[in-house]
Amino acid sequence: MKQIFVLVLVLVTSISFSQIKIEGIVKDSIGSPLELVNVIAINQETKGLESYGITNDDGRYKLSLSKNTTYSLQVSYVGMKTATETITTKEDDIDKDFTLQMDNALDAVELTYEMPVTVSGDTLIYNADSFKNGTERKLEDILKKLPGVEINDNGQIEVEGKVVSKVMVNGKDFFDGDTKLATKNIPSNAVDKVQVLKNFAEVGQLSGVTNNQDNIAINIKLKEGKENFWFGNVTAGGGSSDNNGLYIVQPKLFYYSPKYSVNLIGDLNNTGEIAFTRRDYFNFSGGFRSPSRSSGTNINLGNNDLGFLSLQNNRAKDINTKFGAANFSYSPKKTLDISGFAIFSNSKTELQENNSVQYTDESLGIPDEDTESNTTQRSDLGMLKFSAKYKPNASNQLDYDILGRISKESQDQGFLSSVLGNIDQVENTSPYSINQNINYYYTLNERNIFAFEAQHLLQDEDPFYNAILEDKSNYLNTADALGLDGNQSGFNIVQDKRVKSNQLDAKLDYWNVLNQKSNINVTFGTILSKQQFDSEIFQILDDDSEFNPTPTINDGLDTNDTDYNFSDLYLGLHYQFKTGIFTFNPGVSAHAYSTKNTQFGNTYKDNFFRLLPDFDMRMQLKKSENISLRYSMQTQFTDVTNLARGLVLNNYNSLYFGDEALDNAISHNVNLSYFSFNMFNYTNVFANLSYSKSIDQIRNLSNFETVIRTSSPFNSSFADESVSARGRFQRRFGKLQASINGNFNYSKFNQFIQNQRSLNENYSQTYNAELRTNFRDAPNVEIGYRYSISDNDQGTSRTKFYTKAPSIEFDAYIWKKLTFKTDYSYNNFSNEDRTLNSFEFWNASLSYRKDKDAKFEYELKATNLLNTKSTSQSNNSAFSVSATEYFIQPRFLTLRLRYEL
């Protein structure tokens, strides 16, 4: 393997040395340098665009060209006459300056070839065809090749180190801007332009008064001929594996016109190609954002779904998925836009994993535990949304959205513990939620702007948990604490819970624009939240009757019937002003808080007042280079489950009871970031440093009986802190692109076990290096290396895990008919003493189509060619570290037919 990497490195290095550079300065007729001038080089023999560049603020450009070749250089700038010159390269670099003359006719610039990248204000425009080599099949394949654009490990698009918040197609939202559905499904042959919209404002009326520096959207412009009729593709295929037969059906159909659009996506397969994961479902915002997200109040409604085992990189022992999604938009008239979507996902997943848990403090007497589990998960997830936007004129806009979610999930798990023996666990839930949003924006005149935003959430969660312990011997003390009937063959315990949440979040904003460089913002808002929590523990006896136990701990409280009400009434004031390269936005919000929870006939109230300052500063060094600094102070509130006093069975080995007198926590958050994107040499630099300190943070006091713990929350008097740093450097050298990125995270928090406090410090580091070629008419290769360290210092013990992962990808477009792609990765997982596990993956595909416009394409695809059985990774919690082995799908081989509409 090392020899392959060395060979590839020598190959790409030799290619880079086979080129020469031509550079110089472009000026106007009076000698002033011109920025953002387009310079392209056309190979006179092939008549193809070979290199391009854009001048920097000093008017300098740079191109990489082949030796001993003749080129036509075209230098163009809006409002000036295009300069054209023929140059023949030799063995040495060339210096060449240009002077452009004014074009009094002001005719549109005519170029033989379209510029691959152009800049217009805050918009970067990529010509998709300039980056294609014929191996692309979906939008994701194009985006990976664009300078300054990345696809992260979660399938999201990143620009300037920031996650893209919205994807549009011809200006219309694609499934409310969901980036992953877009990148995985929009066909590459339909894409004409990729427009990156920086400082994107959802509401045009607020673009001049709100801070949009973190908002980035992407608009996909379709090719001519892709409007007013259906386009897309349908894929169908089958195959075999070591275990069973394989099938796959994937229709992806799209229709766009000036008035309406329809998108249909389907996926039916048992090959492990997951179109929409549970994580995607729960992270899918549907375009909703909390109106109070910047108010300084952070209220957590909790997460009461199942304790689902998660997939590792979308891999499991067996995965069957069914997915269907439809999205529409309709504009019956210019002032009204209607849109919506429906998403349904069904999956059945089998997981197998082995886990080795090491408890951190040996003096506490908690035994280490080895476990084996076999799990079957079934999941039905559904979402339905309707949206309407009415904008009768430039001064008024009214938006309304309603999003419904419903799901039905279950998890059956067979569990073998080295301490407790065999345990069968059954979990299921059928929650639903309805989220509504109404916004109204009104511009009185150029100096007075108003905005009203309100959001209402109604949510009902009903998680059910059942554990059957076959071996009673190591569970007797816990059974006694729960008050269970010990005269049974085993212990069959049930936990039934219900959590209802009802929350209104609304605010009214007023902006007074003082001048072009400053404005004052006044905000009046409120958050009203109500939660109800009911729970009950009972035992199923051998004769299938139910037994309601009375615990011998927690004052005998084993049920919950708790009402929790929260309100926040706040007034905010911000003053934004610009001076030179700086933009400042200091502010403060005044909050009147009220909390009340009622349970077991008692009521606990708390009313208090708090001022929360925040500060935002941006330094614009150049058009594409900036530094930003942010500080905010937040009040953090918990949810009803931490306040409920009754005993809750979170798991067979985890008992929990809340504290009705819990107080809020305070957090201080600082974020410093730097970004630079140099169009002159395509250097992309991003760095971010974050710090957070939490005071009166809610922590759990845990007591163990063997591996079974009982926990209760309290406000810790010890502050918790965290620091994270990440950065990326990316640069293009002719046809090569190199990037280096790293992440560092440090957290320090206090843990409380067996009535003892210890300080827990976690360090994690990940470094990635990547070298990639960018050829139009030659095969491309990408080599990478990832190195990560997980270091856990938990008082009396310290553990370190290391992961080393080299990888290589190769794709080639052969004879304009065959597309060959392959990727290989190797992972070595170790501790300080030895390698714990090593595994490797090799995938490959070969497809044939008669020509680029052919309707049919035939593909042979193989995954996990080396038939790797399992992967490994490390995890850490407040009181333990663990190493987990995950079993994955075997070798798959499928034959597919794709039809292009």
# chains A, B, ... in the order shown; residues from 1 in each chain; ligands from 1
$ select_by_dssp --residues "range 278-390 of chain A" --states "strand (DSSP E)" --output "PyMOL selection string"
chain A and resi 297-299+318-333+336-359+369-390
$ residues_around --residues "Asn492 in chain A" --least-positions-apart "4" --cutoff "12 Å" --atoms "only C-alpha atoms" --output "PyMOL selection string"
chain A and resi 423-426+465-472+475+479+484-488+537-547+652
$ atom_distance --atom1 "CA of Ser165 in chain A" --atom2 "CA of Pro586 in chain A"
25.1 Å
$ residues_around --residues "range 45-55 of chain A" --least-positions-apart "5" --cutoff "10 Å" --atoms "only C-alpha atoms" --output "PyMOL selection string"
chain A and resi 23-26+33-40+60-66+69-76+112-119+130+678-682+734-735+775-776
$ write_last_selection --atoms "C-alpha atoms" --output "mmCIF file, in the first residue's frame"
data_model
loop_
_atom_site.group_PDB
_atom_site.id
_atom_site.type_symbol
_atom_site.label_atom_id
_atom_site.label_comp_id
_atom_site.auth_asym_id
_atom_site.auth_seq_id
_atom_site.Cartn_x
_atom_site.Cartn_y
_atom_site.Cartn_z
ATOM 1 C CA GLU A 23 2.110 35.903 -14.642
ATOM 2 C CA GLY A 24 1.892 39.649 -14.736
ATOM 3 C CA ILE A 25 -0.150 42.734 -13.931
ATOM 4 C CA VAL A 26 -3.254 44.114 -15.671
ATOM 5 C CA PRO A 33 -4.095 48.047 -11.363
ATOM 6 C CA LEU A 34 -7.432 46.384 -12.093
ATOM 7 C CA GLU A 35 -8.936 43.843 -9.697
ATOM 8 C CA LEU A 36 -11.170 40.916 -10.757
ATOM 9 C CA VAL A 37 -10.025 40.928 -14.380
ATOM 10 C CA ASN A 38 -10.623 37.597 -16.166
ATOM 11 C CA VAL A 39 -7.595 35.990 -17.850
ATOM 12 C CA ILE A 40 -7.958 32.752 -19.832
ATOM 13 C CA ARG A 60 -1.717 40.506 -10.594
ATOM 14 C CA TYR A 61 -2.687 37.271 -12.357
ATOM 15 C CA LYS A 62 -1.026 33.842 -12.644
ATOM 16 C CA LEU A 63 -1.630 30.917 -15.016
ATOM 17 C CA SER A 64 -0.117 27.417 -15.166
ATOM 18 C CA LEU A 65 0.509 26.214 -18.733
ATOM 19 C CA SER A 66 2.173 23.319 -20.496
ATOM 20 C CA THR A 69 2.679 24.955 -26.493
ATOM 21 C CA THR A 70 0.941 27.845 -28.252
ATOM 22 C CA TYR A 71 -1.903 29.650 -26.461
ATOM 23 C CA SER A 72 -4.290 32.499 -27.100
ATOM 24 C CA LEU A 73 -4.557 34.707 -23.999
ATOM 25 C CA GLN A 74 -7.772 36.681 -23.518
ATOM 26 C CA VAL A 75 -7.924 39.440 -20.891
ATOM 27 C CA SER A 76 -11.381 40.887 -20.253
ATOM 28 C CA THR A 112 -14.605 32.411 -26.837
ATOM 29 C CA TYR A 113 -14.906 30.468 -23.568
ATOM 30 C CA GLU A 114 -16.866 31.214 -20.447
ATOM 31 C CA MET A 115 -14.852 31.925 -17.316
ATOM 32 C CA PRO A 116 -14.838 28.977 -14.894
ATOM 33 C CA VAL A 117 -15.194 31.348 -11.912
ATOM 34 C CA THR A 118 -16.525 34.893 -11.791
ATOM 35 C CA VAL A 119 -17.186 37.271 -8.912
ATOM 36 C CA SER A 130 -15.403 23.961 -16.604
ATOM 37 C CA ASN A 678 -7.674 34.435 -2.737
ATOM 38 C CA MET A 679 -8.909 34.210 -6.312
ATOM 39 C CA PHE A 680 -5.420 35.039 -7.569
ATOM 40 C CA ASN A 681 -3.866 31.719 -6.524
ATOM 41 C CA TYR A 682 -7.017 29.929 -5.288
ATOM 42 C CA GLY A 734 -2.005 24.316 -11.609
ATOM 43 C CA LYS A 735 -3.824 21.003 -11.963
ATOM 44 C CA PHE A 775 -7.651 17.235 -15.066
ATOM 45 C CA ARG A 776 -10.309 17.665 -17.726
#
$ residues_around --residues "Leu893 in chain A" --least-positions-apart "4" --cutoff "10 Å" --atoms "only C-alpha atoms" --output "ChimeraX atom specification"
/A:238-242,245-246,271,843-845,860-865
$ closest_atom_pairs --of "range 167-285 of chain A" --to "range 337-351 of chain A" --cutoff "9 Å" --atoms "only C-alpha atoms" --output "tab-separated table"
residue	atom	partner	partner_atom	distance
A:Asp173	CA	A:Ser339	CA	8.5
A:Phe175	CA	A:Phe341	CA	6.4
A:Asp176	CA	A:Gly340	CA	8.2
A:Ile274	CA	A:Ser347	CA	8.9
A:Ala275	CA	A:Ser345	CA	8.6
A:Phe276	CA	A:Ser345	CA	6.9
A:Thr277	CA	A:Ser345	CA	8.3
A:Arg278	CA	A:Ser345	CA	8.9
A:Tyr281	CA	A:Ser345	CA	8.9
$ atom_distance --atom1 "CA of Leu458 in chain A" --atom2 "CA of Gln503 in chain A"
6.7 Å
$ select_by_dssp --residues "range 29-205 of chain A" --states "helix (DSSP H, G or I)" --output "list in words"
Ala128, Asp129, Ser130, Phe131, Leu139, Glu140, Asp141, Ile142, Leu143, Phe175, Asp176, Gly177, Thr179, Lys180, Leu181, Ala182, Thr183, Lys184, Asn185, Ser188, Asn189, Ala190, Gly204 and Gln205 of chain A
$ residues_around --residues "Ser501 in chain A" --least-positions-apart "3" --cutoff "8 Å" --atoms "only C-alpha atoms" --output "PyMOL selection string"
chain A and resi 301+457-460+529-532
$ atom_distance --atom1 "CA of Arg630 in chain A" --atom2 "CA of Lys162 in chain A"
15.2 Å
$ residues_around --residues "range 253-259 of chain A" --least-positions-apart "6" --cutoff "12 Å" --atoms "only C-alpha atoms" --output "ChimeraX atom specification"
/A:168-174,182,185-187,190,221-235,265-267,324-339,899-901
$ residues_around --residues "Tyr593 in chain A" --least-positions-apart "2" --cutoff "6 Å" --atoms "only C-alpha atoms" --output "PDB file with C-alpha atoms, in the first residue's frame"
ATOM      1  CA  SER A 567     -41.882  32.248  30.580  1.00  0.00           C
ATOM      2  CA  ASP A 568     -39.362  34.799  29.393  1.00  0.00           C
ATOM      3  CA  ASN A 607     -38.937  34.580  39.358  1.00  0.00           C
ATOM      4  CA  PHE A 608     -35.876  36.668  38.595  1.00  0.00           C
TER       5      PHE A 608
END
$ closest_residue --among "A:Gly646, A:Gly483, A:Pro392, A:Gly658" --to "Glu536 in chain A" --atoms "only C-alpha atoms"
A:Gly646
$ closest_residue --among "A:Asp791, A:Thr478, A:Leu504, A:Asn269" --to "Phe704 in chain A" --atoms "only C-alpha atoms"
A:Thr478
